[in-house]
Amino acid sequence: MTEIPEHLLKRSRAAKGKGDGDAAPSESTAVTPTADAAAAPAETGPPAIAAAAAAIPADKPAPEAPPEPHYITAAKKRKKIPGWALPLVAAVPLWAISFAGTMQQPEVEDPLFIAAEETYLVDGGCAGCHGGAGGGGVGYKLSDGSVLETFPDPVDQMVHIARGSGAIQGEDYGAERADGTREAGALGSMPAFENNLDQVHLELVVFHERAILSGEDTSSPEYQEWMNHMREEYEAGNTDPIDLEFLLKCANPEYTPGATGEGSDDEDHPCPGPQAEGEDEVAAG
Ligand code: HEC
């Protein structure tokens with residue numbers, strides 16, 4: 001038998017006491033035989049408890065249901081989703097996903113962002129090792145500012161992607177991070193993309209990793225200029241190959257083994273990335 005709550009036992013005992021005390025009157029009133037009146041006084045001990053137990057709602061007694069409002073009845077009768085609307089309804093999750101995407105990437109309609117993401121996901125196949133959102137995998141996490149911590153300047157990152165980790169196996173690269181300085185090959189092998197991406201796509205993928213995956217601030221005029229440059233070159237279909245030697249001139253020897261940091265000596269061919277106006281000349285002079 002299920003356990004009976006104390007308050008019900010008390011109620012049962014009280015009923016029993018009352019029954020005993022009023023034995024005579026209840027016998028006399030037995031002429032009006034309702035089921036309760038007849039049973040309650042006669043029963044003593046466990047059966048009374050059983051009666052009390054029976055009164056315990058095994059399943060909660062349905063609370064008196066208020067009459068259903070007419071509009072609910074109408075709603076229930078209505079067909080839920082009309083057939084013609086089903087495709088629309090099915091598309092809602094897709095819409096939600098793409099909408100969530102636009103929240104992260106407000107300029108998702110911008111061909112620059114589309115091309116950059118495509119390079120990361122498709123042309124470079126970076127996502128396979130670094131995760132679709134840059135969360136990491138076989139390769140390092142790039143998102144949440146991680147790649148910015150390794151490479152304060154995009155051009156050092158370009159060199160690293162172009163020649164891979166094999167070219168500098170065992171050497172330190174990048175800036176000092178909170179978790180130490182990176183050593184090429186410590187985690188595995190980052191493939192060289194020098195011959196698999198052209199210069200425009202190298203810049204695009206670096207832009208994607210920094211601005212989109214790692215939330216780099218793009219608001220400076222220099223950064224905007226770099227973005228405009230990439231947009232123009234991409235739309236013009238420029239397929240200039242990666243010139244690693246040139247990139248090493250632009251890169252910072254502090255972060256990039258083999259870099260010279262001398263900058264570009266060709267005004268028409270500045271170092272890639274957000275460059276302060278006349279930076280190369282200042283560096284040279
Ligand atoms: C085959 C797997 C693989 C692919 C594909 C790959 N990577 Fe990597 N990547 C790695 C590994 C492994 C490392 C770490 C290598 C090491 O230990 O030196 C790495 C390191 C990096 C780093 C250095 C990050 C840091 O903080 O030190 C960058 C940047 C990077 N990859 C960018 C890219 C880009 C951009 C692409 C696509 C164009 C790409 N990776 C494709 C495996 C890959």
# chains A, B, ... in the order shown; residues from 1 in each chain; ligands from 1

$ residues_near_ligand --ligand "ligand 1" --cutoff "8 Å" --atoms "only C-alpha atoms and all ligand atoms" --output "PyMOL selection string"
chain A and resi 119-121+123-130+138-142+146-151+157-158+160-161+164-166+169+173-174+182-191+193+197+202+205-206+209

$ residues_around --residues "A:Leu112" --least-positions-apart "4" --cutoff "8 Å" --atoms "only C-alpha atoms" --output "count of residues only"
6

$ closest_residue --among "A:Leu248, A:Val122, A:Ala115, A:Ile81" --to "A:Ala162" --atoms "only C-alpha atoms"
A:Leu248

$ atom_distance --atom1 "atom CA of A:Pro257" --atom2 "atom CA of A:Ile168"
7.3 Å

$ atom_distance --atom1 "atom CA of A:Phe207" --atom2 "atom CA of A:Glu176"
21.4 Å

$ select_by_dssp --residues "stretch 50-254 of chain A" --states "strand (DSSP E)" --output "list in words"
Asp172, Tyr173, Gly174, Ala175, Glu176, Arg177, Gly180, Thr181, Arg182 and Glu183 of chain A

$ select_by_dssp --residues "stretch 195-247 of chain A" --states "helix (DSSP H, G or I)" --output "PyMOL selection string"
chain A and resi 199-213+221-235+244-247

$ write_last_selection --atoms "C-alpha atoms" --output "mmCIF file, in the first residue's frame"
data_model
loop_
_atom_site.group_PDB
_atom_site.id
_atom_site.type_symbol
_atom_site.label_atom_id
_atom_site.label_comp_id
_atom_site.auth_asym_id
_atom_site.auth_seq_id
_atom_site.Cartn_x
_atom_site.Cartn_y
_atom_site.Cartn_z
ATOM 1 C CA GLN A 199 47.637 36.666 -53.747
ATOM 2 C CA VAL A 200 44.068 37.981 -53.713
ATOM 3 C CA HIS A 201 42.711 34.797 -52.175
ATOM 4 C CA LEU A 202 45.532 34.700 -49.646
ATOM 5 C CA GLU A 203 44.506 38.154 -48.503
ATOM 6 C CA LEU A 204 40.846 37.181 -48.528
ATOM 7 C CA VAL A 205 41.383 34.155 -46.318
ATOM 8 C CA VAL A 206 43.500 36.159 -43.902
ATOM 9 C CA PHE A 207 40.799 38.803 -43.828
ATOM 10 C CA HIS A 208 38.177 36.150 -43.112
ATOM 11 C CA GLU A 209 40.160 34.633 -40.259
ATOM 12 C CA ARG A 210 40.858 38.003 -38.695
ATOM 13 C CA ALA A 211 37.799 40.146 -39.281
ATOM 14 C CA ILE A 212 35.078 37.516 -39.345
ATOM 15 C CA LEU A 213 36.349 34.662 -37.208
ATOM 16 C CA PRO A 221 40.654 54.109 -42.777
ATOM 17 C CA GLU A 222 43.666 51.883 -43.475
ATOM 18 C CA TYR A 223 41.657 48.751 -42.889
ATOM 19 C CA GLN A 224 38.814 50.015 -45.049
ATOM 20 C CA GLU A 225 41.288 50.804 -47.763
ATOM 21 C CA TRP A 226 42.659 47.293 -47.621
ATOM 22 C CA MET A 227 39.120 45.923 -47.876
ATOM 23 C CA ASN A 228 38.399 48.122 -50.883
ATOM 24 C CA HIS A 229 41.623 46.983 -52.476
ATOM 25 C CA MET A 230 40.717 43.308 -52.024
ATOM 26 C CA ARG A 231 37.218 43.926 -53.330
ATOM 27 C CA GLU A 232 38.527 45.615 -56.459
ATOM 28 C CA GLU A 233 41.183 43.000 -57.145
ATOM 29 C CA TYR A 234 38.767 40.157 -56.587
ATOM 30 C CA GLU A 235 36.092 41.662 -58.799
ATOM 31 C CA LEU A 244 56.740 34.869 -51.007
ATOM 32 C CA GLU A 245 59.987 36.789 -51.319
ATOM 33 C CA PHE A 246 58.092 40.053 -51.521
ATOM 34 C CA LEU A 247 55.907 39.113 -48.545
#

$ atom_distance --atom1 "atom CA of A:Glu194" --atom2 "atom CA of A:Asp243"
8.1 Å

$ decode --residues "stretch 169-247 of chain A" --atoms "C-alpha atoms" --output "CSV table (one decimal), in the first residue's frame"
chain,number,residue,atom,x,y,z
A,169,GLN,CA,59.9,23.4,-38.7
A,170,GLY,CA,61.0,23.8,-35.1
A,171,GLU,CA,61.4,27.6,-35.2
A,172,ASP,CA,59.4,30.1,-33.2
A,173,TYR,CA,57.0,32.3,-35.0
A,174,GLY,CA,54.4,35.0,-34.1
A,175,ALA,CA,54.2,37.3,-31.2
A,176,GLU,CA,54.4,36.0,-27.6
A,177,ARG,CA,51.0,34.7,-26.6
A,178,ALA,CA,49.5,34.3,-23.2
A,179,ASP,CA,50.1,30.6,-23.6
A,180,GLY,CA,53.6,31.0,-24.9
A,181,THR,CA,55.2,31.5,-28.3
A,182,ARG,CA,54.3,29.2,-31.2
A,183,GLU,CA,56.7,26.7,-32.5
A,184,ALA,CA,56.3,25.5,-36.1
A,185,GLY,CA,55.3,21.9,-36.1
A,186,ALA,CA,54.5,21.6,-32.5
A,187,LEU,CA,50.9,20.8,-33.2
A,188,GLY,CA,51.2,19.2,-36.6
A,189,SER,CA,51.7,20.3,-40.1
A,190,MET,CA,50.2,23.4,-41.6
A,191,PRO,CA,50.3,22.9,-45.4
A,192,ALA,CA,51.9,25.5,-47.6
A,193,PHE,CA,49.4,27.4,-49.8
A,194,GLU,CA,51.9,29.3,-51.9
A,195,ASN,CA,51.0,27.4,-55.0
A,196,ASN,CA,47.3,26.7,-54.1
A,197,LEU,CA,46.1,30.2,-53.6
A,198,ASP,CA,46.8,33.4,-55.5
A,199,GLN,CA,47.6,36.7,-53.7
A,200,VAL,CA,44.1,38.0,-53.7
A,201,HIS,CA,42.7,34.8,-52.2
A,202,LEU,CA,45.5,34.7,-49.6
A,203,GLU,CA,44.5,38.2,-48.5
A,204,LEU,CA,40.8,37.2,-48.5
A,205,VAL,CA,41.4,34.2,-46.3
A,206,VAL,CA,43.5,36.2,-43.9
A,207,PHE,CA,40.8,38.8,-43.8
A,208,HIS,CA,38.2,36.2,-43.1
A,209,GLU,CA,40.2,34.6,-40.3
A,210,ARG,CA,40.9,38.0,-38.7
A,211,ALA,CA,37.8,40.1,-39.3
A,212,ILE,CA,35.1,37.5,-39.3
A,213,LEU,CA,36.3,34.7,-37.2
A,214,SER,CA,38.3,36.7,-34.8
A,215,GLY,CA,36.4,40.0,-34.8
A,216,GLU,CA,39.2,42.3,-35.7
A,217,ASP,CA,38.3,46.0,-35.7
A,218,THR,CA,38.0,47.0,-39.4
A,219,SER,CA,36.9,50.6,-38.8
A,220,SER,CA,40.2,52.4,-39.4
A,221,PRO,CA,40.7,54.1,-42.8
A,222,GLU,CA,43.7,51.9,-43.5
A,223,TYR,CA,41.7,48.8,-42.9
A,224,GLN,CA,38.8,50.0,-45.0
A,225,GLU,CA,41.3,50.8,-47.8
A,226,TRP,CA,42.7,47.3,-47.6
A,227,MET,CA,39.1,45.9,-47.9
A,228,ASN,CA,38.4,48.1,-50.9
A,229,HIS,CA,41.6,47.0,-52.5
A,230,MET,CA,40.7,43.3,-52.0
A,231,ARG,CA,37.2,43.9,-53.3
A,232,GLU,CA,38.5,45.6,-56.5
A,233,GLU,CA,41.2,43.0,-57.1
A,234,TYR,CA,38.8,40.2,-56.6
A,235,GLU,CA,36.1,41.7,-58.8
A,236,ALA,CA,38.7,42.4,-61.5
A,237,GLY,CA,39.6,38.7,-61.4
A,238,ASN,CA,43.2,39.3,-60.5
A,239,THR,CA,45.1,36.0,-60.3
A,240,ASP,CA,48.6,37.3,-59.5
A,241,PRO,CA,50.5,34.5,-57.8
A,242,ILE,CA,51.8,34.7,-54.3
A,243,ASP,CA,55.3,36.3,-54.2
A,244,LEU,CA,56.7,34.9,-51.0
A,245,GLU,CA,60.0,36.8,-51.3
A,246,PHE,CA,58.1,40.1,-51.5
A,247,LEU,CA,55.9,39.1,-48.5
